[in-house]
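my_file_12.csv (CSV, C-alpha atoms)
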chain,number,residue,atom,x,y,z
M,1,MET,CA,120.8,123.3,109.2
M,2,PRO,CA,118.4,124.9,111.7
M,3,ASN,CA,116.4,126.9,109.1
M,4,LEU,CA,116.1,124.4,106.3
M,5,THR,CA,112.4,123.8,105.7
M,6,THR,CA,112.3,122.7,102.1
M,7,LEU,CA,114.3,120.1,100.3
M,8,GLU,CA,114.1,119.5,96.5
M,9,LEU,CA,116.1,116.6,94.9
M,10,GLU,CA,115.8,116.4,91.1
M,11,ASP,CA,117.8,113.7,89.3
M,12,VAL,CA,120.5,113.9,91.9
M,13,THR,CA,122.9,111.0,92.0
M,14,ILE,CA,123.1,110.3,95.7
M,15,LYS,CA,124.4,107.2,97.3
M,16,ASP,CA,122.5,104.9,99.7
M,17,GLU,CA,124.6,106.3,102.6
M,18,PHE,CA,122.6,109.6,102.3
M,19,PHE,CA,119.4,107.9,103.4
M,20,ALA,CA,121.1,106.0,106.2
M,21,ALA,CA,122.5,109.3,107.5
M,22,LEU,CA,119.1,111.0,107.1
M,23,ALA,CA,117.4,108.4,109.3
M,24,GLN,CA,120.0,108.8,112.0
M,25,SER,CA,119.5,112.6,112.1
M,26,ALA,CA,115.8,112.9,111.2
M,27,SER,CA,114.5,113.7,114.7
M,28,GLY,CA,116.5,116.9,114.6
M,29,ALA,CA,115.5,118.1,111.2
M,30,ARG,CA,113.3,121.1,110.7
M,31,LEU,CA,112.2,120.1,107.2
M,32,GLU,CA,108.5,120.8,106.3
M,33,SER,CA,108.6,119.7,102.7
M,34,ILE,CA,110.5,117.1,100.6
M,35,ASN,CA,110.1,117.0,96.8
M,36,HIS,CA,112.1,114.1,95.3
M,37,THR,CA,112.2,113.5,91.5
M,38,GLY,CA,114.2,110.9,89.6
M,39,GLY,CA,117.7,109.8,90.5
M,40,PRO,CA,119.4,106.3,90.7
M,41,ASP,CA,117.8,103.2,92.2
M,42,ILE,CA,117.6,103.1,96.0
M,43,SER,CA,118.6,99.9,97.6
M,44,ALA,CA,116.4,97.9,100.0
M,45,ASP,CA,118.2,99.0,103.2
M,46,ALA,CA,118.3,102.7,102.0
M,47,SER,CA,114.6,102.6,101.0
M,48,GLN,CA,113.8,101.4,104.5
M,49,ALA,CA,115.9,104.1,106.1
M,50,TYR,CA,114.3,106.7,103.8
M,51,ALA,CA,110.8,105.8,105.0
M,52,THR,CA,111.9,105.7,108.6
M,53,SER,CA,113.4,109.2,108.3
M,54,ILE,CA,110.2,110.6,106.7
M,55,CYS,CA,108.1,109.4,109.6
M,56,THR,CA,110.6,110.6,112.2
M,57,MET,CA,111.1,114.2,111.0
M,58,PRO,CA,109.0,116.2,113.5
M,59,ASN,CA,107.9,119.0,111.2
M,60,LEU,CA,107.6,117.2,107.8
M,61,LYS,CA,104.1,117.9,106.4
M,62,THR,CA,104.5,117.5,102.6
M,63,LEU,CA,106.1,114.7,100.6
M,64,GLU,CA,106.2,114.3,96.9
M,65,LEU,CA,107.9,111.4,95.2
M,66,ARG,CA,108.1,111.4,91.4
M,67,TYR,CA,109.9,108.8,89.3
M,68,VAL,CA,111.8,107.7,92.4
M,69,THR,CA,113.0,104.1,92.2
M,70,ILE,CA,112.5,102.9,95.7
M,71,ALA,CA,112.4,99.3,96.9
M,72,ASP,CA,109.4,97.5,98.5
M,73,GLU,CA,111.1,97.8,101.8
M,74,PHE,CA,110.2,101.6,101.7
M,75,PHE,CA,106.5,100.8,102.1
M,76,GLU,CA,107.0,98.1,104.7
M,77,ALA,CA,109.0,100.6,106.9
M,78,LEU,CA,106.5,103.3,106.2
M,79,ALA,CA,103.8,101.1,107.7
M,80,GLU,CA,105.9,100.3,110.8
M,81,SER,CA,106.5,104.0,111.6
M,82,ALA,CA,103.3,105.6,110.1
M,83,SER,CA,101.7,106.3,113.4
M,84,GLU,CA,104.6,108.7,114.2
M,85,ALA,CA,104.5,110.6,111.0
M,86,GLY,CA,103.4,114.2,110.8
M,87,LEU,CA,102.7,114.2,107.1
M,88,GLU,CA,99.6,116.1,106.0
M,89,SER,CA,100.0,115.7,102.2
M,90,MET,CA,101.6,113.0,100.1
M,91,LYS,CA,101.9,112.8,96.3
M,92,HIS,CA,103.3,109.8,94.6
M,93,SER,CA,103.8,109.6,90.8
M,94,ARG,CA,105.2,106.8,88.7
M,95,GLY,CA,108.1,104.7,89.9
M,96,PRO,CA,108.6,100.9,89.8
M,97,SER,CA,105.9,98.3,90.3
M,98,ILE,CA,105.1,97.7,94.0
M,99,SER,CA,104.7,94.1,95.1
M,100,ALA,CA,101.5,92.7,96.7
M,101,ASP,CA,102.9,92.7,100.3
M,102,ALA,CA,104.3,96.2,99.8
M,103,SER,CA,101.0,97.4,98.3
M,104,GLN,CA,99.2,96.1,101.3
M,105,ALA,CA,101.7,97.8,103.6
M,106,TYR,CA,101.4,101.1,101.7
M,107,ALA,CA,97.6,101.2,102.2
M,108,THR,CA,97.9,100.4,105.8
M,109,SER,CA,100.5,103.2,106.3
M,110,ILE,CA,98.2,105.7,104.6
M,111,CYS,CA,95.3,104.9,106.9
M,112,SER,CA,97.6,104.9,110.0
M,113,MET,CA,99.1,108.4,109.6
M,114,PRO,CA,97.3,110.5,112.1
M,115,ASN,CA,97.6,113.8,110.2
M,116,LEU,CA,97.5,112.7,106.5
M,117,LYS,CA,94.7,114.7,104.9
M,118,THR,CA,95.6,114.7,101.2
M,119,LEU,CA,96.7,111.8,99.0
M,120,GLU,CA,97.5,111.8,95.3
M,121,LEU,CA,98.5,108.7,93.4
M,122,ARG,CA,99.4,109.2,89.7
M,123,ASP,CA,100.2,106.2,87.5
M,124,VAL,CA,101.5,104.2,90.5
M,125,THR,CA,101.7,100.5,89.9
M,126,ILE,CA,100.1,99.0,92.9
M,127,THR,CA,98.4,95.6,93.2
M,128,ASP,CA,94.8,94.7,94.2
M,129,GLU,CA,96.0,94.1,97.7
M,130,PHE,CA,96.3,97.8,98.2
M,131,PHE,CA,92.6,98.3,97.9
M,132,ASP,CA,91.8,95.3,100.1
M,133,ALA,CA,94.0,96.7,102.8
M,134,LEU,CA,92.6,100.2,102.3
M,135,ALA,CA,89.1,98.9,103.0
M,136,GLU,CA,90.2,97.0,106.1
M,137,SER,CA,91.8,100.2,107.6
M,138,ALA,CA,89.6,102.9,106.2
M,139,LYS,CA,87.8,103.7,109.4
M,140,GLY,CA,91.1,104.9,110.9
M,141,ALA,CA,92.1,107.1,108.0
M,142,ARG,CA,92.2,110.9,108.4
M,143,LEU,CA,92.1,111.5,104.7
M,144,GLU,CA,90.0,114.4,103.4
M,145,SER,CA,91.0,114.3,99.8
M,146,ILE,CA,92.0,111.5,97.3
M,147,LYS,CA,93.1,112.1,93.8
M,148,HIS,CA,93.8,108.9,91.8
M,149,SER,CA,94.8,108.9,88.2
M,150,ARG,CA,95.8,106.1,85.9
M,151,GLY,CA,97.7,103.0,87.1
M,152,PRO,CA,97.0,99.3,86.3
M,153,SER,CA,93.5,97.8,86.0
M,154,ILE,CA,91.8,97.0,89.3
M,155,SER,CA,90.1,93.7,89.6
M,156,ALA,CA,86.4,93.2,90.4
M,157,ASP,CA,86.9,92.4,94.1
M,158,ALA,CA,89.5,95.2,94.5
M,159,SER,CA,87.1,97.6,92.8
M,160,GLN,CA,84.4,96.7,95.3
M,161,ALA,CA,86.9,97.1,98.2
M,162,TYR,CA,87.9,100.5,96.9
M,163,ALA,CA,84.3,101.8,96.8
M,164,THR,CA,83.7,100.4,100.3
M,165,SER,CA,86.8,102.2,101.6
M,166,ILE,CA,85.8,105.5,100.1
M,167,CYS,CA,82.4,105.3,101.8
M,168,THR,CA,83.9,104.2,105.1
M,169,MET,CA,86.6,106.9,105.5
M,170,PRO,CA,85.1,109.2,108.2
M,171,ASN,CA,86.6,112.5,106.9
M,172,LEU,CA,86.9,112.0,103.1
M,173,LYS,CA,85.2,115.0,101.4
M,174,THR,CA,86.9,115.1,98.0
M,175,LEU,CA,87.4,112.3,95.4
M,176,GLU,CA,89.0,112.6,92.0
M,177,LEU,CA,89.3,109.6,89.6
M,178,GLU,CA,91.0,110.2,86.3
M,179,ASP,CA,91.5,107.4,83.8
M,180,VAL,CA,91.3,104.8,86.5
M,181,THR,CA,90.4,101.3,85.2
M,182,ILE,CA,87.8,100.2,87.7
M,183,LYS,CA,85.3,97.4,87.2
M,184,ASP,CA,81.5,97.7,87.5
M,185,GLN,CA,81.6,96.3,91.0
M,186,PHE,CA,83.0,99.6,92.1
M,187,PHE,CA,79.7,101.3,91.3
M,188,THR,CA,77.4,98.6,92.8
M,189,ALA,CA,79.4,98.7,96.0
M,190,LEU,CA,79.3,102.5,96.0
M,191,ALA,CA,75.5,102.3,95.9
M,192,GLN,CA,75.4,99.8,98.7
M,193,SER,CA,77.5,102.0,101.0
M,194,ALA,CA,76.6,105.5,99.7
M,195,SER,CA,74.5,106.5,102.7
M,196,GLY,CA,77.6,106.3,104.9
M,197,ALA,CA,79.8,108.4,102.7
M,198,ARG,CA,81.0,111.8,103.8
M,199,LEU,CA,81.9,112.9,100.2
M,200,GLU,CA,81.1,116.5,99.3
M,201,SER,CA,82.8,116.7,95.9
M,202,MET,CA,83.4,114.0,93.3
M,203,THR,CA,85.2,114.3,89.9
M,204,HIS,CA,85.2,111.4,87.5
M,205,SER,CA,86.9,111.5,84.2
M,206,GLY,CA,87.8,108.9,81.6
M,207,GLY,CA,88.0,105.2,82.4
M,208,PRO,CA,86.3,102.1,80.8
M,209,ASP,CA,82.7,101.8,79.7
M,210,ILE,CA,80.2,101.3,82.6
M,211,SER,CA,77.5,98.7,82.1
M,212,ALA,CA,73.8,99.3,82.3
M,213,ASP,CA,73.4,97.8,85.9
M,214,ALA,CA,76.5,99.6,87.1
M,215,SER,CA,75.4,102.9,85.5
M,216,GLN,CA,72.1,102.6,87.3
M,217,ALA,CA,73.8,101.9,90.6
M,218,TYR,CA,76.1,104.9,90.0
M,219,ALA,CA,73.2,107.3,89.7
M,220,THR,CA,71.5,105.9,92.8
M,221,SER,CA,74.7,106.3,94.8
M,222,ILE,CA,75.1,109.9,93.7
M,223,CYS,CA,71.6,110.7,94.9
M,224,THR,CA,72.0,108.7,98.2
M,225,MET,CA,75.2,110.4,99.4
M,226,PRO,CA,74.0,112.7,102.2
M,227,ASN,CA,76.7,115.4,101.7
M,228,LEU,CA,77.5,115.3,98.0
M,229,LYS,CA,77.2,118.8,96.7
M,230,THR,CA,79.4,118.9,93.6
M,231,LEU,CA,79.6,116.3,90.8
M,232,GLU,CA,81.8,116.5,87.7
M,233,LEU,CA,81.6,113.8,84.9
M,234,GLU,CA,84.0,114.2,82.0
M,235,ASP,CA,84.3,111.8,79.2
M,236,VAL,CA,82.7,109.0,81.3
M,237,THR,CA,81.0,106.3,79.3
M,238,ILE,CA,77.8,105.7,81.2
M,239,ALA,CA,74.8,103.7,79.8
M,240,ASP,CA,71.4,105.3,79.3
M,241,GLU,CA,70.2,103.5,82.4
M,242,PHE,CA,72.1,106.1,84.4
M,243,PHE,CA,69.5,108.8,83.7
M,244,PRO,CA,66.2,107.1,84.6
M,245,ALA,CA,67.8,106.0,87.8
M,246,LEU,CA,68.9,109.6,88.4
M,247,ALA,CA,65.3,110.7,87.8
M,248,GLU,CA,63.9,108.1,90.2
M,249,SER,CA,66.2,109.2,93.1
M,250,ALA,CA,66.7,112.9,92.3
M,251,SER,CA,64.4,114.2,95.0
M,252,GLY,CA,66.8,112.8,97.6
M,253,ALA,CA,69.9,114.3,96.1
M,254,ARG,CA,71.9,117.0,97.8
M,255,LEU,CA,73.7,118.2,94.7
M,256,GLU,CA,74.2,121.9,94.3
M,257,SER,CA,76.5,121.9,91.3
M,258,MET,CA,76.7,119.4,88.4
M,259,LYS,CA,79.1,119.6,85.4
M,260,HIS,CA,78.8,117.0,82.6
M,261,SER,CA,81.1,117.1,79.6
M,262,GLU,CA,81.6,114.7,76.6
M,263,GLY,CA,80.6,111.1,76.8
M,264,PRO,CA,78.4,108.9,74.5
M,265,ASP,CA,75.1,109.9,72.9
M,266,ILE,CA,72.1,109.8,75.2
M,267,SER,CA,68.9,108.3,73.9
M,268,ALA,CA,65.6,110.0,73.6
M,269,ASP,CA,64.1,108.4,76.8
M,270,ALA,CA,67.3,108.9,78.8
M,271,SER,CA,67.4,112.5,77.6
M,272,GLN,CA,63.9,113.0,78.9
M,273,ALA,CA,64.7,111.4,82.2
M,274,TYR,CA,67.9,113.5,82.5
M,275,ALA,CA,65.9,116.8,82.2
M,276,THR,CA,63.3,115.5,84.7
M,277,SER,CA,66.0,114.7,87.3
M,278,ILE,CA,67.6,118.2,86.9
M,279,CYS,CA,64.3,119.8,87.7
M,280,THR,CA,63.6,117.5,90.6
M,281,MET,CA,66.8,117.9,92.6
M,282,PRO,CA,65.8,120.2,95.4
M,283,ASN,CA,69.2,122.0,95.9
M,284,LEU,CA,70.7,122.0,92.3
M,285,LYS,CA,71.7,125.6,91.6
M,286,THR,CA,74.4,125.3,88.9
M,287,LEU,CA,74.4,123.1,85.8
M,288,GLU,CA,77.0,122.9,83.1
M,289,LEU,CA,76.7,120.8,80.0
M,290,GLU,CA,79.6,120.7,77.5
M,291,ASP,CA,79.7,118.6,74.4
M,292,VAL,CA,76.9,116.4,75.7
M,293,THR,CA,74.8,114.8,72.9
M,294,ILE,CA,71.3,114.9,74.2
M,295,LYS,CA,68.1,114.5,72.2
M,296,ASP,CA,65.2,117.0,71.7
M,297,GLU,CA,63.2,115.2,74.4
M,298,PHE,CA,65.6,116.7,76.9
M,299,PHE,CA,64.4,120.2,76.2
M,300,ALA,CA,60.7,119.2,76.0
M,301,ALA,CA,60.9,117.6,79.4
M,302,LEU,CA,62.8,120.5,80.7
M,303,ALA,CA,60.0,122.8,79.7
M,304,GLU,CA,57.4,120.6,81.3
M,305,SER,CA,59.2,120.4,84.7
M,306,ALA,CA,60.9,123.8,84.7
M,307,SER,CA,58.6,125.3,87.3
M,308,GLY,CA,60.0,122.9,90.0
M,309,ALA,CA,63.6,123.5,89.2
M,310,ARG,CA,65.9,125.3,91.6
M,311,VAL,CA,68.7,125.9,89.1
M,312,SER,CA,69.9,129.5,89.0
M,313,HIS,CA,72.8,129.2,86.5
M,314,ILE,CA,73.1,127.1,83.4
M,315,ALA,CA,76.2,127.1,81.1

Rendering of file as structure tokens:
Amino acid sequence: MPNLTTLELEDVTIKDEFFAALAQSASGARLESINHTGGPDISADASQAYATSICTMPNLKTLELRYVTIADEFFEALAESASEAGLESMKHSRGPSISADASQAYATSICSMPNLKTLELRDVTITDEFFDALAESAKGARLESIKHSRGPSISADASQAYATSICTMPNLKTLELEDVTIKDQFFTALAQSASGARLESMTHSGGPDISADASQAYATSICTMPNLKTLELEDVTIADEFFPALAESASGARLESMKHSEGPDISADASQAYATSICTMPNLKTLELEDVTIKDEFFAALAESASGARVSHIA
């Protein structure tokens, strides 16, 4: 079909032969977008053929896989052909658990695709090897945006590797973490590598409690990232130590917009430090606080430091 640019498969019962035929004819396809949802299990050979066809289609820019039961061979074949892929955007939701070797291959393929700018992983069951491989290949990635939501718990070492990869990717501007179970080592590693990060926007919602030391490291990293302009924290359980650390490093922050909603109660001293940091950030123009339980000391400190603030909009 010379004019077919979009293909949507939703709970379609197709046989493995479909994918084998797709691989054979992929170089002649004009498809720009594939959206594949549900359907029967895809065998190992067919999964391999599917990945090969995705990388061989010369015009394919967008891929979405949702509840697709592919075998590990899909990811291994994806890694083998990733350098040929024209994909610019990939979204992967749910599906079966991915083995350690396949998880490693998956991360390698993501970093090897020369045009892949947007990645979204939603409740994908990958192993820690994914994050280790991501860190190893991060310098070669062309990603500009990562959105990661849910999924299995990430170990301490893998959390550290994840943060390192985020700060190492040369084009990564946007990061969204939603209900991702990362360990405290993520935040300490983030602080260590923050000065090399290219992030301009970070959204963090949900997830496990963050310890005092990790909260302190988190605040330091936020103020150390040279391009971070937008920060959104929603229902993030940070410790009070976050706010004094924010105040200590606030003068170096490049933030222009900050939104903070929900989360635990903030102590009197931390509330005071929070207000001080807001007034010390040299570029902060927009501040939004929603359902944040701060103490009166916040407002007293805000009044004391208000003359130095650059904020032009508070909601």

Contact check, region 236-305 of chain M to region 207-223 of chain M, at most 9 Å, counting only C-alpha atoms, closest pairs as CSV:
residue,atom,partner,partner_atom,distance
M:Val236,CA,M:Gly207,CA,6.6
M:Thr237,CA,M:Asp209,CA,4.8
M:Ile238,CA,M:Ile210,CA,5.2
M:Ala239,CA,M:Ala212,CA,5.2
M:Asp240,CA,M:Ala212,CA,7.1
M:Glu241,CA,M:Gln216,CA,5.3
M:Phe242,CA,M:Gln216,CA,4.5
M:Phe243,CA,M:Ala219,CA,7.2
M:Pro244,CA,M:Gln216,CA,7.9
M:Ala245,CA,M:Gln216,CA,5.5
M:Leu246,CA,M:Ala219,CA,5.0
M:Ala247,CA,M:Ala219,CA,8.8
M:Glu248,CA,M:Thr220,CA,8.3
M:Ser249,CA,M:Cys223,CA,5.9
M:Ala250,CA,M:Cys223,CA,6.0
M:Ser251,CA,M:Cys223,CA,8.0
M:Gly252,CA,M:Cys223,CA,5.9
M:Ala253,CA,M:Cys223,CA,4.2
M:Arg254,CA,M:Cys223,CA,6.9
M:Leu255,CA,M:Cys223,CA,7.8
M:Met281,CA,M:Cys223,CA,9.0

> Which polymer residues have any atom within 12 Å of an atom of Phe75 (chain M), counting all atoms listed in the file, with same-chain residues fewer than 6 positions away left out, as an NGL selection string?
Replying inline: :M and (44-52 or 54-55 or 81-82 or 98-110 or 126 or 130)

>> From (83.6, 108.4, 106.4), in the file's coordinates, out to 8 Å: which residues are reached, counting all atoms listed in the file? Answer as a list in words.
In response: Lys139, Ile166, Cys167, Thr168, Met169, Pro170, Asn171, Leu172, Gly196, Ala197, Arg198 and Leu199 of chain M

Within 8 Å of region 35-43 of chain M, counting only C-alpha atoms, which residues show up once you throw out same-chain ones fewer than 5 positions away? Write them as a compact mmCIF listing (two decimals) with C-alpha atoms, in the frame of the given file, please.
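The new file selection.txt reads:
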# COMPACT_ATOMS: atom_id res chain seq x y z
CA LEU M 7 114.30 120.10 100.30
CA GLU M 8 114.10 119.50 96.50
CA LEU M 9 116.10 116.60 94.90
CA GLU M 10 115.80 116.40 91.10
CA ASP M 11 117.80 113.70 89.30
CA VAL M 12 120.50 113.90 91.90
CA THR M 13 122.90 111.00 92.00
CA ILE M 14 123.10 110.30 95.70
CA ASP M 16 122.50 104.90 99.70
CA LEU M 63 106.10 114.70 100.60
CA GLU M 64 106.20 114.30 96.90
CA LEU M 65 107.90 111.40 95.20
CA ARG M 66 108.10 111.40 91.40
CA TYR M 67 109.90 108.80 89.30
CA VAL M 68 111.80 107.70 92.40
CA THR M 69 113.00 104.10 92.20
CA ILE M 70 112.50 102.90 95.70
CA ALA M 71 112.40 99.30 96.90

> M:Asp291, M:Ser27, M:Thr224, M:Gly263: which is nearest Ser195 (chain M), counting only C-alpha atoms?
Replying inline: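 Distance minimum relative to Ser195 (chain M) lands on M:Thr224.
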
>> Which residue is closest to Cys111 (chain M)? Choose from M:Ser307, M:Ala138, M:Asp132, M:Ser89 and count all atoms listed in the file.
In response: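 Ranking M:Ser307, M:Ala138, M:Asp132, M:Ser89 by distance to Cys111 (chain M), first place goes to M:Ala138.
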
>> Could you tell me how far CA of Glu136 (chain M) sits from CA of Leu60 (chain M), in Å to one decimal place?
In response: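 These two atoms are separated by 26.7 Å.
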
>> One number please: CA of Asp184 (chain M) to CA of Thr164 (chain M), in Å, one decimal.
In response: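 That distance, rounded to one decimal, is 13.3 Å.
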
> Could you state the separation of CA of Ser277 (chain M) and CA of Pro226 (chain M) in Å, given to one decimal place?
Replying inline: 17.0 Å

>> Using all atoms listed in the file, which protein or nucleic acid residues come within 6 Å of region 156-161 of chain M? Drop anything in the same chain fewer than 4 positions from it, and give the result as a PyMOL selection string.
In response: chain M and resi 128+131-132+135+182-183+185-186+189

>> Considering all atoms listed in the file, can you say which of M:Leu284, M:Ala23, M:Ala268, M:Ile314 comes closest to Phe298 (chain M)?
In response: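 Of M:Leu284, M:Ala23, M:Ala268, M:Ile314, the one nearest Phe298 (chain M) is M:Ala268, counting all atoms listed in the file.
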
> Using only C-alpha atoms, which residues sit within 8 Å of region 145-154 of chain M once same-chain residues fewer than 5 positions away are excluded, as a PyMOL selection string?
Replying inline: chain M and resi 117-128+159+172-183

Could the residues in this selection be saved with C-alpha atoms as an mmCIF file, in the frame of the given file?
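This is the output file part_26.cif:
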data_model
loop_
_atom_site.group_PDB
_atom_site.id
_atom_site.type_symbol
_atom_site.label_atom_id
_atom_site.label_comp_id
_atom_site.auth_asym_id
_atom_site.auth_seq_id
_atom_site.Cartn_x
_atom_site.Cartn_y
_atom_site.Cartn_z
ATOM 1 C CA LYS M 117 94.700 114.700 104.900
ATOM 2 C CA THR M 118 95.600 114.700 101.200
ATOM 3 C CA LEU M 119 96.700 111.800 99.000
ATOM 4 C CA GLU M 120 97.500 111.800 95.300
ATOM 5 C CA LEU M 121 98.500 108.700 93.400
ATOM 6 C CA ARG M 122 99.400 109.200 89.700
ATOM 7 C CA ASP M 123 100.200 106.200 87.500
ATOM 8 C CA VAL M 124 101.500 104.200 90.500
ATOM 9 C CA THR M 125 101.700 100.500 89.900
ATOM 10 C CA ILE M 126 100.100 99.000 92.900
ATOM 11 C CA THR M 127 98.400 95.600 93.200
ATOM 12 C CA ASP M 128 94.800 94.700 94.200
ATOM 13 C CA SER M 159 87.100 97.600 92.800
ATOM 14 C CA LEU M 172 86.900 112.000 103.100
ATOM 15 C CA LYS M 173 85.200 115.000 101.400
ATOM 16 C CA THR M 174 86.900 115.100 98.000
ATOM 17 C CA LEU M 175 87.400 112.300 95.400
ATOM 18 C CA GLU M 176 89.000 112.600 92.000
ATOM 19 C CA LEU M 177 89.300 109.600 89.600
ATOM 20 C CA GLU M 178 91.000 110.200 86.300
ATOM 21 C CA ASP M 179 91.500 107.400 83.800
ATOM 22 C CA VAL M 180 91.300 104.800 86.500
ATOM 23 C CA THR M 181 90.400 101.300 85.200
ATOM 24 C CA ILE M 182 87.800 100.200 87.700
ATOM 25 C CA LYS M 183 85.300 97.400 87.200
#

Output as lines of an AutoDock Vina configuration file the centre and edge lengths (Å, one decimal) of the box along x, y and z of the file that holds every listed atom of region 168-187 of chain M after adding 6 Å on each side.
center_x = 85.6
center_y = 105.7
center_z = 96.0
size_x = 23.8
size_y = 30.8
size_z = 36.4

> Using all atoms listed in the file, which residue out of M:Ala301, M:Glu80, M:Gln192, M:Glu73 lies closest to Thr280 (chain M)?
Replying inline: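 The answer is M:Ala301, which sits nearest to Thr280 (chain M).
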
> Using all atoms listed in the file, which residue out of M:Ala275, M:Met90, M:Leu22, M:Ala306 lies closest to Ile294 (chain M)?
Replying inline: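 Selected residue with least distance to Ile294 (chain M): M:Ala275.
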
Written coordinates, N, CA and C atoms of region 98-113 of chain M as a compact mmCIF listing (two decimals), in the first residue's frame:
# COMPACT_ATOMS: atom_id res chain seq x y z
N ILE M 98 10.33 -8.84 31.36
CA ILE M 98 11.45 -8.91 30.43
C ILE M 98 12.67 -9.42 31.19
N SER M 99 13.34 -10.42 30.65
CA SER M 99 14.47 -11.05 31.35
C SER M 99 15.64 -10.07 31.49
N ALA M 100 16.62 -10.48 32.28
CA ALA M 100 17.81 -9.65 32.51
C ALA M 100 18.56 -9.36 31.21
N ASP M 101 18.81 -10.40 30.41
CA ASP M 101 19.53 -10.21 29.14
C ASP M 101 18.74 -9.33 28.18
N ALA M 102 17.44 -9.55 28.13
CA ALA M 102 16.60 -8.76 27.23
C ALA M 102 16.48 -7.32 27.71
N SER M 103 16.44 -7.12 29.04
CA SER M 103 16.39 -5.77 29.60
C SER M 103 17.66 -5.00 29.24
N GLN M 104 18.78 -5.69 29.32
CA GLN M 104 20.05 -5.08 28.95
C GLN M 104 20.05 -4.71 27.47
N ALA M 105 19.58 -5.62 26.63
CA ALA M 105 19.50 -5.36 25.20
C ALA M 105 18.56 -4.20 24.89
N TYR M 106 17.48 -4.11 25.65
CA TYR M 106 16.49 -3.05 25.45
C TYR M 106 17.14 -1.68 25.68
N ALA M 107 17.83 -1.54 26.79
CA ALA M 107 18.49 -0.27 27.10
C ALA M 107 19.54 0.09 26.05
N THR M 108 20.28 -0.91 25.63
CA THR M 108 21.31 -0.68 24.60
C THR M 108 20.68 -0.19 23.30
N SER M 109 19.56 -0.78 22.92
CA SER M 109 18.88 -0.38 21.68
C SER M 109 18.36 1.05 21.77
N ILE M 110 17.84 1.41 22.94
CA ILE M 110 17.32 2.78 23.15
C ILE M 110 18.43 3.81 22.94
N CYS M 111 19.60 3.50 23.43
CA CYS M 111 20.73 4.44 23.32
C CYS M 111 21.41 4.39 21.95
N SER M 112 21.10 3.36 21.17
CA SER M 112 21.74 3.19 19.86
C SER M 112 20.91 3.76 18.71
N MET M 113 19.63 4.01 18.95
CA MET M 113 18.78 4.55 17.88
C MET M 113 19.17 6.00 17.61
